[in-house]
$ cat model31.cif   # mmCIF, C-alpha atoms
data_run
loop_
_atom_site.label_atom_id
_atom_site.label_comp_id
_atom_site.auth_asym_id
_atom_site.auth_seq_id
_atom_site.Cartn_x
_atom_site.Cartn_y
_atom_site.Cartn_z
CA MET A 112 -17.35 -38.24 -12.07
CA ILE A 113 -14.29 -40.17 -10.89
CA ASN A 114 -14.78 -43.83 -9.95
CA ALA A 115 -12.33 -45.81 -7.84
CA THR A 116 -11.85 -49.45 -6.93
CA ILE A 117 -9.90 -50.23 -3.76
CA ILE A 118 -8.77 -53.83 -3.34
CA GLY A 119 -6.98 -55.01 -0.23
CA ARG A 120 -7.29 -56.63 3.17
CA LEU A 121 -8.65 -55.19 6.41
CA GLY A 122 -5.79 -54.12 8.65
CA ARG A 123 -7.93 -54.26 11.80
CA ASP A 124 -11.42 -55.31 12.83
CA PRO A 125 -14.14 -52.82 11.76
CA GLU A 126 -15.01 -50.33 14.52
CA THR A 127 -18.62 -49.17 14.80
CA LYS A 128 -19.69 -46.19 16.91
CA SER A 129 -22.70 -43.94 17.28
CA VAL A 130 -22.54 -40.35 15.99
CA ASN A 131 -25.50 -37.99 16.37
CA GLY A 132 -28.03 -40.82 16.33
CA SER A 133 -26.46 -42.65 13.37
CA THR A 134 -23.83 -45.37 13.30
CA VAL A 135 -20.50 -45.16 11.48
CA THR A 136 -18.11 -48.05 10.87
CA ASN A 137 -14.44 -47.26 10.28
CA VAL A 138 -12.01 -49.61 8.53
CA SER A 139 -8.38 -49.54 7.41
CA ILE A 140 -7.55 -51.30 4.15
CA ALA A 141 -4.01 -52.41 3.25
CA SER A 142 -3.14 -52.78 -0.43
CA ASP A 143 0.26 -54.23 -1.34
CA HIS A 144 2.06 -53.50 -4.58
CA GLY A 145 5.44 -54.40 -5.98
CA TRP A 146 7.43 -57.50 -5.08
CA GLY A 147 10.56 -58.54 -3.23
CA ASP A 148 12.58 -55.60 -1.90
CA ARG A 149 10.32 -53.19 -3.81
CA LYS A 150 7.12 -54.32 -2.10
CA SER A 151 5.22 -51.58 -0.29
CA THR A 152 1.80 -51.12 1.29
CA THR A 153 -0.71 -48.31 0.79
CA TRP A 154 -3.23 -47.78 3.60
CA VAL A 155 -6.71 -46.41 2.95
CA ARG A 156 -9.14 -45.43 5.73
CA ALA A 157 -12.83 -45.66 4.94
CA ALA A 158 -16.06 -44.92 6.81
CA PHE A 159 -19.43 -46.58 6.16
CA TRP A 160 -22.59 -45.03 7.56
CA GLY A 161 -25.75 -46.74 8.81
CA LYS A 162 -26.86 -50.22 7.81
CA ARG A 163 -24.08 -50.60 5.24
CA GLY A 164 -21.44 -50.21 7.96
CA GLU A 165 -23.28 -52.45 10.42
CA THR A 166 -23.47 -55.22 7.82
CA LEU A 167 -19.78 -54.83 6.99
CA ALA A 168 -18.83 -55.06 10.69
CA ALA A 169 -20.91 -58.22 11.13
CA GLN A 170 -19.38 -60.01 8.12
CA PHE A 171 -15.72 -58.89 7.99
CA LYS A 172 -12.75 -59.08 10.37
CA LYS A 173 -9.04 -58.26 10.34
CA GLY A 174 -7.23 -59.89 7.42
CA ASP A 175 -10.32 -60.47 5.29
CA PRO A 176 -10.07 -59.44 1.62
CA ILE A 177 -12.34 -56.55 0.63
CA ILE A 178 -13.20 -54.58 -2.50
CA ILE A 179 -14.73 -51.10 -2.38
CA VAL A 180 -16.12 -49.47 -5.54
CA GLY A 181 -17.60 -46.01 -5.75
CA ALA A 182 -17.55 -42.42 -6.94
CA VAL A 183 -14.75 -40.29 -5.47
CA TYR A 184 -15.18 -36.66 -4.47
CA THR A 185 -13.70 -34.17 -2.00
CA ARG A 186 -15.25 -32.08 0.75
CA GLU A 187 -13.87 -29.55 3.19
CA HIS A 188 -14.50 -29.46 6.91
CA GLU A 189 -12.83 -27.14 9.41
CA GLY A 190 -10.04 -26.26 6.98
CA LYS A 191 -9.20 -29.85 6.01
CA THR A 192 -9.92 -31.48 2.66
CA TYR A 193 -11.27 -35.04 2.74
CA VAL A 194 -11.52 -37.52 -0.13
CA GLU A 195 -14.72 -39.53 0.04
CA CYS A 196 -16.20 -42.41 -1.89
CA ASP A 197 -19.92 -42.86 -2.45
#
$ encode --input "model31.cif" --output "structure tokens"
Amino acid sequence: MINATIIGRLGRDPETKSVNGSTVTNVSIASDHGWGDRKSTTWVRAAFWGKRGETLAAQFKKGDPIIIVGAVYTREHEGKTYVECD
């Protein structure tokens, strides 16, 4: 099992929508690294399903610091490979 920790700030307010009777909350996380002229930003998109996502949307907004920890795995859907965190 591969575990990952993503530390950054929300790049936009969480967006919650309904999908097939469930809710999903999407976020974009910006993580800066380097300094001065060598500073760059890595963006990570994440989706949270159900109550977990609803709670996140109620408590976080753009610019808030956030840490996500979980197991990383891949899945394929319609010919695309997705990296997911549990």
$ closest_residue --input "model31.cif" --among "A:Glu189, A:Val194, A:Phe159, A:Asn114" --to "Ser129 in chain A" --atoms "all atoms listed in the file"
A:Phe159
$ resolve_selection --input "model31.cif" --expression "the PyMOL selection byres ((chain A and resi 171-181) around 9)" --output "list in words"
Ile113, Asn114, Ala115, Thr116, Ile117, Ile118, Gly119, Arg120, Leu121, Gly122, Arg123, Asp124, Pro125, Ile140, Thr166, Leu167, Ala168, Ala169, Gln170, Ala182, Val183, Cys196 and Asp197 of chain A
$ resolve_selection --input "model31.cif" --expression "the PyMOL selection byres ((chain A and resi 160) around 7)" --output "short mmCIF file (atom, residue, chain, number, x, y, z; two decimals) with C-alpha atoms, in the coordinates of the input"
data_model
loop_
_atom_site.label_atom_id
_atom_site.label_comp_id
_atom_site.auth_asym_id
_atom_site.auth_seq_id
_atom_site.Cartn_x
_atom_site.Cartn_y
_atom_site.Cartn_z
CA THR A 134 -23.83 -45.37 13.30
CA VAL A 135 -20.50 -45.16 11.48
CA THR A 136 -18.11 -48.05 10.87
CA ALA A 158 -16.06 -44.92 6.81
CA PHE A 159 -19.43 -46.58 6.16
CA GLY A 161 -25.75 -46.74 8.81
CA LYS A 162 -26.86 -50.22 7.81
CA ARG A 163 -24.08 -50.60 5.24
CA GLY A 164 -21.44 -50.21 7.96
#
$ axis_aligned_box --input "model31.cif" --around "range 129-140 of chain A" --padding-each-side "4 Å" --output "lines of an AutoDock Vina configuration file"
center_x = -17.8
center_y = -44.6
center_z = 10.7
size_x = 28.5
size_y = 21.3
size_z = 21.1
$ residues_around --input "model31.cif" --residues "Ser151 in chain A" --least-positions-apart "5" --cutoff "10 Å" --atoms "all atoms listed in the file" --output "number ranges by chain"
A: 141-146
$ atom_distance --input "model31.cif" --atom1 "CA of Lys128 in chain A" --atom2 "CA of Thr152 in chain A"
27.0 Å
$ atom_distance --input "model31.cif" --atom1 "CA of Glu195 in chain A" --atom2 "CA of Arg156 in chain A"
9.9 Å
$ closest_residue --input "model31.cif" --among "A:Gly147, A:Glu165, A:Tyr184, A:Met112" --to "Thr127 in chain A" --atoms "only C-alpha atoms"
A:Glu165
$ atom_distance --input "model31.cif" --atom1 "CA of Trp154 in chain A" --atom2 "CA of Arg186 in chain A"
20.0 Å
